[in-house]
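Colleague: Please find structure_33.txt (compact mmCIF, C-alpha atoms) on the next line:
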```
# COMPACT_ATOMS: atom_id res chain seq x y z
CA MET E 1 62.75 53.65 17.89
CA TYR E 2 63.43 49.98 17.42
CA ILE E 3 66.60 48.25 18.60
CA ASN E 4 67.56 44.72 17.61
CA TRP E 5 70.46 43.42 19.67
CA ALA E 6 70.86 40.24 17.62
CA GLU E 7 71.35 42.19 14.39
CA GLN E 8 73.00 45.18 16.13
CA GLU E 9 70.51 47.38 14.38
CA ILE E 10 68.81 50.61 15.45
CA ASN E 11 65.91 52.16 13.52
CA LEU E 12 64.97 55.77 14.20
CA LYS E 13 62.11 57.84 12.88
CA ILE E 14 62.53 61.46 11.83
CA VAL E 15 59.49 63.45 10.73
CA TYR E 16 59.51 66.60 8.60
CA TYR E 17 56.60 68.74 9.80
CA GLY E 18 55.38 72.14 8.65
CA PRO E 19 52.65 74.06 6.82
CA GLY E 20 51.57 73.16 3.26
CA LEU E 21 54.05 73.98 0.52
CA SER E 22 56.85 74.89 2.97
CA GLY E 23 59.29 72.44 1.32
CA LYS E 24 59.16 69.23 3.35
CA THR E 25 58.98 66.93 0.32
CA THR E 26 61.62 69.08 -1.43
CA ASN E 27 64.00 68.37 1.47
CA LEU E 28 63.50 64.61 1.04
CA MET E 29 63.82 64.80 -2.74
CA HIS E 30 67.13 66.60 -2.44
CA ILE E 31 68.44 64.00 0.04
CA TYR E 32 67.23 61.25 -2.30
CA ASN E 33 68.86 62.78 -5.38
CA LYS E 34 72.19 63.49 -3.76
CA LEU E 35 72.85 60.28 -1.88
CA ASP E 36 74.23 57.15 -3.47
CA SER E 37 71.54 54.47 -3.89
CA SER E 38 73.53 52.21 -1.52
CA MET E 39 72.71 54.64 1.29
CA ARG E 40 69.00 55.05 0.80
CA SER E 41 65.82 53.24 -0.17
CA GLU E 42 63.52 54.40 -2.95
CA LEU E 43 61.49 57.48 -2.13
CA VAL E 44 57.82 56.62 -1.71
CA SER E 45 55.42 59.53 -2.18
CA LEU E 46 51.74 59.16 -1.47
CA SER E 47 50.61 62.29 -3.24
CA THR E 48 47.68 63.71 -5.18
CA LYS E 49 47.62 64.24 -8.95
CA GLU E 50 48.78 67.79 -8.28
CA ASP E 51 51.87 66.48 -6.45
CA ARG E 52 50.64 67.57 -3.05
CA THR E 53 51.42 65.13 -0.24
CA LEU E 54 48.28 63.15 0.53
CA PHE E 55 49.49 60.90 3.32
CA PHE E 56 53.29 60.86 3.61
CA ASP E 57 56.64 60.59 1.84
CA PHE E 58 59.05 57.97 3.09
CA MET E 59 62.68 57.08 2.59
CA GLN E 60 65.12 55.03 4.64
CA LEU E 61 68.66 56.24 5.11
CA GLU E 62 71.44 53.78 5.92
CA ILE E 63 74.76 55.23 6.98
CA GLY E 64 76.52 51.85 6.97
CA GLU E 65 78.16 50.00 9.83
CA ILE E 66 79.48 52.12 12.67
CA LYS E 67 81.44 50.33 15.40
CA GLY E 68 79.62 47.14 14.41
CA LYS E 69 76.21 48.79 14.69
CA LYS E 70 73.80 49.51 11.88
CA PRO E 71 71.88 52.76 12.35
CA LYS E 72 68.93 53.29 10.01
CA PHE E 73 66.96 56.50 9.78
CA ASN E 74 63.38 56.48 8.50
CA LEU E 75 62.53 59.88 7.10
CA TYR E 76 58.87 60.87 6.78
CA THR E 77 57.05 64.01 5.76
CA VAL E 78 53.53 64.89 6.84
CA PRO E 79 50.90 66.46 4.56
CA GLY E 80 50.90 70.16 5.41
CA GLN E 81 47.39 71.12 4.41
CA VAL E 82 45.10 71.92 7.37
CA TYR E 83 42.59 69.37 6.05
CA TYR E 84 44.92 66.41 6.73
CA SER E 85 45.20 66.88 10.48
CA ASN E 86 44.48 63.18 11.21
CA SER E 87 47.25 62.05 8.88
CA ARG E 88 49.78 64.30 10.61
CA ARG E 89 48.89 62.85 14.00
CA ILE E 90 49.25 59.30 12.68
CA ILE E 91 52.65 59.91 11.11
CA LEU E 92 53.96 61.66 14.20
CA ASN E 93 53.40 58.48 16.18
CA GLY E 94 56.74 56.98 17.21
CA ALA E 95 58.81 59.92 15.96
CA ASP E 96 62.25 60.15 17.56
CA GLY E 97 63.02 63.58 16.12
CA ILE E 98 61.31 66.37 14.18
CA VAL E 99 62.42 68.89 11.57
CA PHE E 100 59.96 71.79 11.47
CA VAL E 101 60.11 73.32 7.98
CA ALA E 102 58.76 76.88 8.12
CA ASP E 103 57.97 78.99 5.06
CA SER E 104 59.95 82.25 5.34
CA GLN E 105 57.49 84.31 3.26
CA LYS E 106 55.89 87.09 5.32
CA GLU E 107 52.35 86.11 4.34
CA ARG E 108 52.91 82.59 5.76
CA ASN E 109 53.74 83.78 9.30
CA ASP E 110 50.37 82.81 10.74
CA GLU E 111 50.35 79.40 9.07
CA ASN E 112 53.82 78.65 10.43
CA LEU E 113 52.68 79.40 13.96
CA ASP E 114 49.37 77.55 13.57
CA THR E 115 51.19 74.45 12.33
CA LEU E 116 53.74 74.63 15.14
CA LEU E 117 50.87 74.77 17.65
CA ASP E 118 49.20 71.87 15.82
CA LEU E 119 52.47 69.93 16.25
CA GLU E 120 52.66 70.78 19.96
CA ASN E 121 49.02 69.73 20.47
CA ASN E 122 49.60 66.44 18.71
CA LEU E 123 52.70 65.80 20.85
CA ILE E 124 50.84 66.66 24.06
CA ASP E 125 48.12 64.14 23.11
CA LYS E 126 50.86 61.48 23.08
CA GLY E 127 52.29 62.62 26.41
CA GLU E 128 55.23 64.42 24.82
CA SER E 129 56.03 68.05 24.04
CA LEU E 130 58.38 70.25 22.07
CA GLN E 131 60.25 70.76 25.33
CA ASP E 132 61.48 67.19 25.50
CA ILE E 133 61.49 65.74 21.96
CA PRO E 134 64.61 66.45 19.84
CA TRP E 135 63.75 68.92 17.08
CA VAL E 136 65.23 71.64 14.87
CA LEU E 137 63.80 74.51 12.86
CA GLN E 138 64.42 75.15 9.20
CA TYR E 139 63.50 78.56 7.76
CA ASN E 140 63.03 77.67 4.12
CA LYS E 141 62.73 79.79 0.96
CA ARG E 142 65.39 82.27 2.05
CA ASP E 143 65.88 83.15 -1.64
CA LEU E 144 62.44 84.78 -1.99
CA PRO E 145 62.17 88.61 -1.96
CA ASN E 146 59.18 88.67 0.41
CA ARG E 147 61.00 86.70 3.11
CA GLU E 148 60.56 87.60 6.75
CA SER E 149 63.70 88.53 8.69
CA VAL E 150 65.26 85.71 10.69
CA SER E 151 65.03 87.76 13.90
CA VAL E 152 61.23 88.05 13.51
CA LEU E 153 60.90 84.33 12.67
CA GLN E 154 63.00 83.48 15.70
CA LYS E 155 60.74 85.57 17.94
CA LYS E 156 57.56 84.11 16.46
CA LEU E 157 58.55 80.44 16.30
CA ASN E 158 61.66 79.55 18.24
CA PHE E 159 60.43 79.87 21.83
CA TRP E 160 62.59 76.95 22.83
CA GLY E 161 65.88 78.15 21.34
CA VAL E 162 66.44 75.03 19.23
CA PRO E 163 69.05 75.08 16.43
CA TYR E 164 67.77 76.70 13.24
CA PHE E 165 68.84 76.68 9.61
CA GLU E 166 68.28 79.15 6.78
CA SER E 167 67.56 77.02 3.75
CA VAL E 168 66.71 77.07 0.07
CA ALA E 169 65.59 73.45 -0.18
CA HIS E 170 65.04 73.36 -3.95
CA ARG E 171 68.73 74.26 -4.39
CA GLY E 172 69.82 72.02 -1.54
CA VAL E 173 71.00 74.89 0.67
CA ALA E 174 71.15 73.76 4.33
CA VAL E 175 69.25 70.52 3.65
CA PHE E 176 72.05 68.20 4.80
CA PRO E 177 73.18 70.39 7.75
CA THR E 178 69.56 70.27 9.00
CA LEU E 179 69.45 66.48 8.66
CA LYS E 180 72.82 66.06 10.35
CA GLU E 181 71.79 68.22 13.31
CA ILE E 182 68.53 66.34 13.92
CA ILE E 183 70.33 62.98 13.75
CA LYS E 184 72.90 64.29 16.26
CA ARG E 185 70.21 65.52 18.63
CA VAL E 186 68.25 62.26 18.42
CA ILE E 187 71.35 60.22 19.29
CA VAL E 188 72.27 62.51 22.20
CA HIS E 189 68.69 62.24 23.47
CA ILE E 190 68.76 58.43 23.34
CA GLN E 191 72.02 58.39 25.28
CA SER E 192 70.31 60.34 28.04
CA ILE E 193 67.33 57.97 28.51
CA MET D 1 58.81 46.78 29.12
CA ASN D 2 55.66 45.45 27.56
CA LEU D 3 56.59 44.86 23.96
CA ASN D 4 52.98 45.16 22.92
CA LYS D 5 53.15 48.84 23.70
CA GLY D 6 55.44 49.40 20.74
CA GLY D 7 52.69 50.90 18.64
CA ASN D 8 52.16 53.80 21.02
CA GLY D 9 55.54 55.19 20.20
CA GLN D 10 57.37 53.45 23.06
CA PRO D 11 60.90 52.31 22.21
CA ILE D 12 61.04 48.67 21.17
CA VAL D 13 64.12 46.76 22.27
CA LEU D 14 64.37 43.15 21.13
CA SER D 15 66.83 40.75 22.75
CA GLY D 16 68.74 38.22 20.65
CA GLU D 17 66.65 35.40 22.08
CA MET D 18 63.34 37.09 21.28
CA TYR D 19 64.49 37.94 17.78
CA LYS D 20 65.40 34.30 17.14
CA SER D 21 62.02 33.07 18.40
CA ILE D 22 60.20 35.51 16.10
CA ALA D 23 62.36 34.50 13.15
CA ASP D 24 61.55 30.81 13.82
CA VAL D 25 57.80 31.52 13.70
CA LEU D 26 58.24 33.27 10.34
CA THR D 27 60.33 30.42 8.93
CA ASP D 28 57.61 27.97 9.92
CA LEU D 29 54.85 30.15 8.43
CA SER D 30 56.83 30.60 5.24
CA SER D 31 57.29 26.85 4.70
CA LYS D 32 53.66 26.03 5.52
CA THR D 33 52.02 28.66 3.32
CA ARG D 34 54.49 28.84 0.39
CA ALA D 35 54.03 32.60 0.63
CA LYS D 36 56.31 34.67 -1.57
CA THR D 37 57.42 37.02 1.16
CA ILE D 38 56.61 37.44 4.84
CA ILE D 39 57.59 40.54 6.81
CA PHE D 40 57.21 41.17 10.53
CA ALA D 41 57.34 44.86 11.43
CA ASP D 42 56.28 47.23 14.15
CA MET D 43 53.30 49.57 13.81
CA ASN D 44 55.68 52.47 13.22
CA GLY D 45 56.84 50.77 10.03
CA HIS D 46 60.25 49.51 11.20
CA PRO D 47 60.82 46.08 9.61
CA ILE D 48 62.02 43.52 12.16
CA THR D 49 62.59 40.34 10.15
CA GLN D 50 61.48 38.79 6.89
CA ARG D 51 61.37 35.47 5.02
CA GLY D 52 61.04 34.33 1.41
CA GLN D 53 61.88 36.50 -1.57
CA THR D 54 63.25 39.60 0.07
CA THR D 55 65.34 41.13 -2.67
CA GLU D 56 62.56 41.86 -5.19
CA ILE D 57 60.52 43.81 -2.66
CA ASN D 58 61.90 46.90 -0.99
CA ILE D 59 61.36 45.80 2.62
CA PRO D 60 61.64 49.18 4.46
CA ASN D 61 59.23 50.81 2.01
CA MET D 62 56.78 47.92 2.20
CA ALA D 63 56.81 48.00 6.02
CA ALA D 64 56.30 51.78 6.09
CA LEU D 65 53.39 51.55 3.66
CA ALA D 66 51.78 48.65 5.57
CA ALA D 67 52.01 50.66 8.81
CA GLY D 68 50.41 53.60 6.99
CA ASP D 69 47.71 51.29 5.67
CA PHE D 70 46.92 50.09 9.21
CA ALA D 71 46.98 53.61 10.62
CA ALA D 72 44.56 54.86 7.97
CA THR D 73 42.12 51.98 8.38
CA ALA D 74 42.32 52.23 12.20
CA GLU D 75 40.90 55.75 11.85
CA MET D 76 38.17 54.34 9.58
CA ALA D 77 37.41 51.68 12.22
CA LYS D 78 36.95 54.44 14.82
CA MET D 79 34.61 56.32 12.50
CA VAL D 80 32.28 53.34 12.20
CA GLY D 81 32.28 52.75 15.95
CA GLU D 82 34.82 49.92 16.23
CA LYS D 83 36.71 49.94 19.53
CA LYS D 84 39.86 48.40 18.08
CA ARG D 85 41.61 48.56 14.72
CA PHE D 86 40.57 46.07 12.02
CA LYS D 87 42.23 42.70 12.61
CA TYR D 88 43.39 42.19 9.07
CA LEU D 89 43.47 43.85 5.66
CA PHE D 90 43.36 41.95 2.41
CA HIS D 91 44.52 43.32 -0.92
CA GLU D 92 43.69 41.24 -3.96
CA GLY D 93 45.65 41.55 -7.18
CA GLU D 94 45.64 39.69 -10.47
CA LYS D 95 48.75 37.63 -9.74
CA THR D 96 49.70 38.58 -6.22
CA ASN D 97 47.75 39.17 -3.02
CA ILE D 98 48.75 40.78 0.26
CA TYR D 99 47.34 39.77 3.62
CA LEU D 100 48.10 42.16 6.49
CA SER D 101 47.36 41.30 10.11
CA ASN D 102 48.05 43.12 13.33
CA VAL D 103 49.95 41.28 16.05
CA GLY D 104 48.82 42.85 19.31
CA GLU D 105 48.68 46.63 19.25
CA GLY D 106 52.30 47.21 18.37
CA PHE D 107 53.22 44.89 15.50
CA LEU D 108 52.06 43.71 12.10
CA LEU D 109 52.61 40.81 9.75
CA ILE D 110 52.70 41.16 5.97
CA VAL D 111 52.12 38.01 3.89
CA VAL D 112 52.64 38.35 0.13
CA PHE D 113 51.41 35.33 -1.84
CA ASP D 114 50.48 34.15 -5.34
CA SER D 115 46.78 34.49 -6.14
CA ASP D 116 46.53 30.76 -6.90
CA ILE D 117 47.12 29.96 -3.22
CA ALA D 118 43.86 29.69 -1.27
CA LEU D 119 43.20 32.65 1.03
CA GLY D 120 41.67 30.27 3.58
CA MET D 121 44.95 28.45 4.02
CA ILE D 122 46.87 31.71 4.41
CA ARG D 123 44.36 32.84 7.04
CA ILE D 124 44.54 29.63 9.07
CA PHE D 125 48.34 29.46 9.22
CA THR D 126 48.73 33.20 9.71
CA LYS D 127 46.26 33.10 12.61
CA ARG D 128 48.30 30.36 14.28
CA ALA D 129 51.53 32.31 13.75
CA ILE D 130 49.92 35.42 15.23
CA ASP D 131 48.80 33.51 18.31
CA THR D 132 52.35 32.23 18.83
CA LEU D 133 53.89 35.65 18.23
CA SER D 134 51.39 37.34 20.57
CA GLU D 135 52.19 34.86 23.30
CA LEU D 136 55.93 35.36 22.80
CA LEU D 137 55.59 39.13 22.95
CA ALA D 138 53.21 39.11 25.92
CA ASN D 139 55.59 36.97 27.96
CA ALA D 140 58.65 39.03 27.09
CA LYS D 141 60.60 39.88 30.19
CA GLU D 142 61.67 43.37 31.00
CA GLU D 143 64.70 44.01 28.84
CA GLU D 144 67.77 44.83 30.86
CA GLN D 145 69.52 46.51 27.99
CA LYS D 146 68.49 50.11 27.76
CA ALA D 147 68.53 52.07 24.53
CA SER D 148 71.27 54.30 25.93
CA LYS D 149 73.52 51.24 26.37
CA PHE D 150 73.24 50.50 22.67
CA LEU D 151 74.70 53.85 21.65
CA ASP D 152 77.76 54.97 23.58
CA VAL D 153 79.66 58.24 23.24
CA GLU D 154 82.26 56.64 20.99
CA PHE D 155 79.47 55.62 18.61
CA SER D 156 78.31 59.26 18.38
CA ASN D 157 81.79 60.44 17.49
CA TYR D 158 82.15 57.85 14.74
CA LEU D 159 78.64 58.58 13.48
CA ASN D 160 79.39 62.30 13.23
CA GLN D 161 82.51 61.54 11.19
CA GLU D 162 80.56 59.25 8.88
CA LEU D 163 77.81 61.84 8.43
CA ASP D 164 80.42 64.48 7.56
CA LYS D 165 81.82 62.17 4.91
CA ALA D 166 78.44 61.05 3.55
CA PHE D 167 76.91 64.54 3.47
CA ASN D 168 79.94 66.29 2.04
CA PHE D 169 78.54 67.95 -1.09
```
Would you kindly transcribe this structure into structure tokens?
Modeller:
Amino acid sequence: MYINWAEQEINLKIVYYGPGLSGKTTNLMHIYNKLDSSMRSELVSLSTKEDRTLFFDFMQLEIGEIKGKKPKFNLYTVPGQVYYSNSRRIILNGADGIVFVADSQKERNDENLDTLLDLENNLIDKGESLQDIPWVLQYNKRDLPNRESVSVLQKKLNFWGVPYFESVAHRGVAVFPTLKEIIKRVIVHIQSI
Amino acid sequence: MNLNKGGNGQPIVLSGEMYKSIADVLTDLSSKTRAKTIIFADMNGHPITQRGQTTEINIPNMAALAAGDFAATAEMAKMVGEKKRFKYLFHEGEKTNIYLSNVGEGFLLIVVFDSDIALGMIRIFTKRAIDTLSELLANAKEEEQKASKFLDVEFSNYLNQELDKAFNF
């Protein structure tokens, strides 16, 4: 978080976290494609030749002036592959809110949980935890036939009872509701500190 | 609040006075070096202020990438046994160079300049600017304004309305 009283500006960082190929970059691409260019920066993707995220994706969202104040939201994704653990820790630094994008396919259950524990460990290293940072869950790929039931996913991943969304990111289903909810939670959290 | 802690994920709150002082240092550096663009940002990639040609370069993206650059090389520094991150990073292009320096632990300075300008001159003036900025930030008084004061309940209501409008697909 960065607040500039002279410019009446607030910058907040939201990180999309989750296992490899769960749809984090797809979320950002949908936001990028749908929003008018006056509301967002270019989408930067540091990815491999195979289009896998190598370091991060980044895009800034500007909602415009609200009561004379200029809120800006910096959206990042982390690389999901286990190999890039250091990069995830780096990008998590300074995050004000997190969207955890889980892959709903049954065979990805273990990876979802492992990545959530990886997130919690990284937060604990910074003196934070999933108990106190604003975050939401997104169960992605709800269009696939081998999807796990939401009740099982809830039991396996949502120990904290945070809001969750059933999404199909490549079609844009629940992408914006997820983003809106995390922004709301971040703002409410700031008002309480 | 110690502003130098910004890089550890602590909230950074800049008063109007502090912002003006930082902007003055950048104006001075810009005129002395004839750099194309100068950006001051925090280590989380939030741009704070900039000078020079600022429309040709996407400032938020540049600041985010510079912060990523520093974060990646800080890990490399650790691997080779350095106790602190590298002080500066230099990227040399055919026509344009970029000189990145950290300002304390929490901030960074990006200087974009034509390759016909001597690197030595950029280094000398940037070093002086960093010393001034570091001193300013180290002597910053505890900010009275809390983050919660910046965003009141009315702001949240308006923001929710704006988000509904903007995200209405």
Colleague: Please determine, counting all atoms listed in the file, which residue among E:Asn140, E:Gln60, E:Asn93, E:Asn109 has the shortest atom-to-atom distance to Ala174 of chain E.
Modeller: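 Of the candidates, the smallest distance to Ala174 of chain E is held by E:Asn140.
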Colleague: If you count all atoms listed in the file, which residues fall within 6 Å of Asn102 of chain D, apart from same-chain ones fewer than 4 positions away, as a list in words?
Modeller: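 Near Asn102 of chain D, the qualifying residues are Lys87, Phe107 and Leu108 of chain D.
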Colleague: Which residue gives the smallest distance to chain E among D:Gly52, D:Gly81, D:Pro60, D:Gly104, with all atoms listed in the file counted?
Modeller: D:Pro60
Colleague: Would you please work out which residue, of E:Thr53, E:Ser149, E:Ser87, E:Thr25, is nearest to chain D when using only C-alpha atoms?
Modeller: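 Selected residue with least distance to chain D: E:Ser87.
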Colleague: In file coordinates, which residues lie within 9 Å of (48.5, 78.3, 7.9) using only C-alpha atoms, given as a list in words?
Modeller: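 So the residues meeting the distance criterion are Pro19, Gly20, Gly80, Gln81, Val82, Arg108, Asn109, Asp110, Glu111, Asn112, Leu113, Asp114 and Thr115 of chain E.
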Colleague: Which residue out of E:Arg40, E:Arg142, E:His170, E:Lys106 has the minimum interatomic distance to chain D when all atoms listed in the file are used?
Modeller: E:Arg40
Colleague: Go through E:Ile10, E:Ile98, E:Gln191, E:Leu153 and flag the residue nearest Ser129 of chain E, using all atoms listed in the file for the distances.
Modeller: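 Closest residue, counting all atoms listed in the file: E:Ile98.
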Colleague: Report, as lines of an AutoDock Vina configuration file, the axis-aligned box around all atoms of segment 10-21 of chain D present in the file, extended by 8 Å on each side; give centre and edge lengths in Å to one decimal place.
Modeller:
```
center_x = 63.1
center_y = 43.3
center_z = 20.1
size_x = 27.4
size_y = 36.4
size_z = 21.9
```
Colleague: Would you mind reading off the distance between atom CA of Ser156 of chain D and atom CA of Ile63 of chain E, one decimal, in Å?
Modeller: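 One can read the atom CA of Ser156 of chain D to atom CA of Ile63 of chain E distance as 12.6 Å.
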Colleague: Have a look at D:Ala77, D:Ala67, D:Ile110, D:Ser31 and name the one nearest to Gln50 of chain D; count all atoms listed in the file.
Modeller: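 For Gln50 of chain D, the nearest of the given residues is D:Ile110.
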Colleague: Please identify every residue of chain D that has at least one atom no farther than 7 Å from an atom of chain E, counting only C-alpha atoms, and for each give the shortest atom pair and the distance in Å to one decimal, arranged by chain then increasing number, as JSON lines.
Modeller:
```
{"residue": "D:Asn8", "atom": "CA", "partner": "E:Gly94", "partner_atom": "CA", "distance": 6.8}
{"residue": "D:Gly9", "atom": "CA", "partner": "E:Gly94", "partner_atom": "CA", "distance": 3.7}
{"residue": "D:Gln10", "atom": "CA", "partner": "E:Gly94", "partner_atom": "CA", "distance": 6.9}
{"residue": "D:Pro11", "atom": "CA", "partner": "E:Met1", "partner_atom": "CA", "distance": 4.9}
{"residue": "D:Ile12", "atom": "CA", "partner": "E:Tyr2", "partner_atom": "CA", "distance": 4.6}
{"residue": "D:Val13", "atom": "CA", "partner": "E:Ile3", "partner_atom": "CA", "distance": 4.7}
{"residue": "D:Leu14", "atom": "CA", "partner": "E:Asn4", "partner_atom": "CA", "distance": 5.0}
{"residue": "D:Ser15", "atom": "CA", "partner": "E:Trp5", "partner_atom": "CA", "distance": 5.5}
{"residue": "D:Gly16", "atom": "CA", "partner": "E:Ala6", "partner_atom": "CA", "distance": 4.2}
{"residue": "D:Tyr19", "atom": "CA", "partner": "E:Ala6", "partner_atom": "CA", "distance": 6.8}
{"residue": "D:Asn44", "atom": "CA", "partner": "E:Gly94", "partner_atom": "CA", "distance": 6.1}
{"residue": "D:His46", "atom": "CA", "partner": "E:Asn11", "partner_atom": "CA", "distance": 6.7}
{"residue": "D:Pro60", "atom": "CA", "partner": "E:Gln60", "partner_atom": "CA", "distance": 6.8}
{"residue": "D:Ala71", "atom": "CA", "partner": "E:Ile90", "partner_atom": "CA", "distance": 6.5}
{"residue": "D:Ala147", "atom": "CA", "partner": "E:Ile190", "partner_atom": "CA", "distance": 6.5}
{"residue": "D:Ser148", "atom": "CA", "partner": "E:Gln191", "partner_atom": "CA", "distance": 4.2}
{"residue": "D:Leu151", "atom": "CA", "partner": "E:Gln191", "partner_atom": "CA", "distance": 6.4}
{"residue": "D:Asp152", "atom": "CA", "partner": "E:Gln191", "partner_atom": "CA", "distance": 6.9}
{"residue": "D:Phe155", "atom": "CA", "partner": "E:Lys67", "partner_atom": "CA", "distance": 6.5}
{"residue": "D:Tyr158", "atom": "CA", "partner": "E:Ile66", "partner_atom": "CA", "distance": 6.7}
{"residue": "D:Leu159", "atom": "CA", "partner": "E:Ile66", "partner_atom": "CA", "distance": 6.6}
{"residue": "D:Leu163", "atom": "CA", "partner": "E:Lys180", "partner_atom": "CA", "distance": 6.8}
{"residue": "D:Phe167", "atom": "CA", "partner": "E:Phe176", "partner_atom": "CA", "distance": 6.2}
```
Colleague: With a distance cut-off of 9 Å and only C-alpha atoms, select the neighbouring residues of Met62 of chain D, excluding the residue or stretch itself and same-chain residues fewer than 2 positions from it, and output the selection as number ranges by chain.
Modeller: D: 39, 45, 47, 57-60, 64-67, 110
Colleague: What would the file look like if the residues just selected were written as a PDB file, in the coordinates of the input with C-alpha atoms?
Modeller:
```pdb
ATOM      1  CA  ILE D  39      57.590  40.540   6.810  1.00  0.00           C
ATOM      2  CA  GLY D  45      56.840  50.770  10.030  1.00  0.00           C
ATOM      3  CA  PRO D  47      60.820  46.080   9.610  1.00  0.00           C
ATOM      4  CA  ILE D  57      60.520  43.810  -2.660  1.00  0.00           C
ATOM      5  CA  ASN D  58      61.900  46.900  -0.990  1.00  0.00           C
ATOM      6  CA  ILE D  59      61.360  45.800   2.620  1.00  0.00           C
ATOM      7  CA  PRO D  60      61.640  49.180   4.460  1.00  0.00           C
ATOM      8  CA  ALA D  64      56.300  51.780   6.090  1.00  0.00           C
ATOM      9  CA  LEU D  65      53.390  51.550   3.660  1.00  0.00           C
ATOM     10  CA  ALA D  66      51.780  48.650   5.570  1.00  0.00           C
ATOM     11  CA  ALA D  67      52.010  50.660   8.810  1.00  0.00           C
ATOM     12  CA  ILE D 110      52.700  41.160   5.970  1.00  0.00           C
TER      13      ILE D 110
END
```
Colleague: One decimal, in Å: what's the spacing between atom CA of Thr37 of chain D and atom CA of Thr96 of chain D?
Modeller: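 Computing the Euclidean distance for atom CA of Thr37 of chain D and atom CA of Thr96 of chain D yields 10.8 Å.
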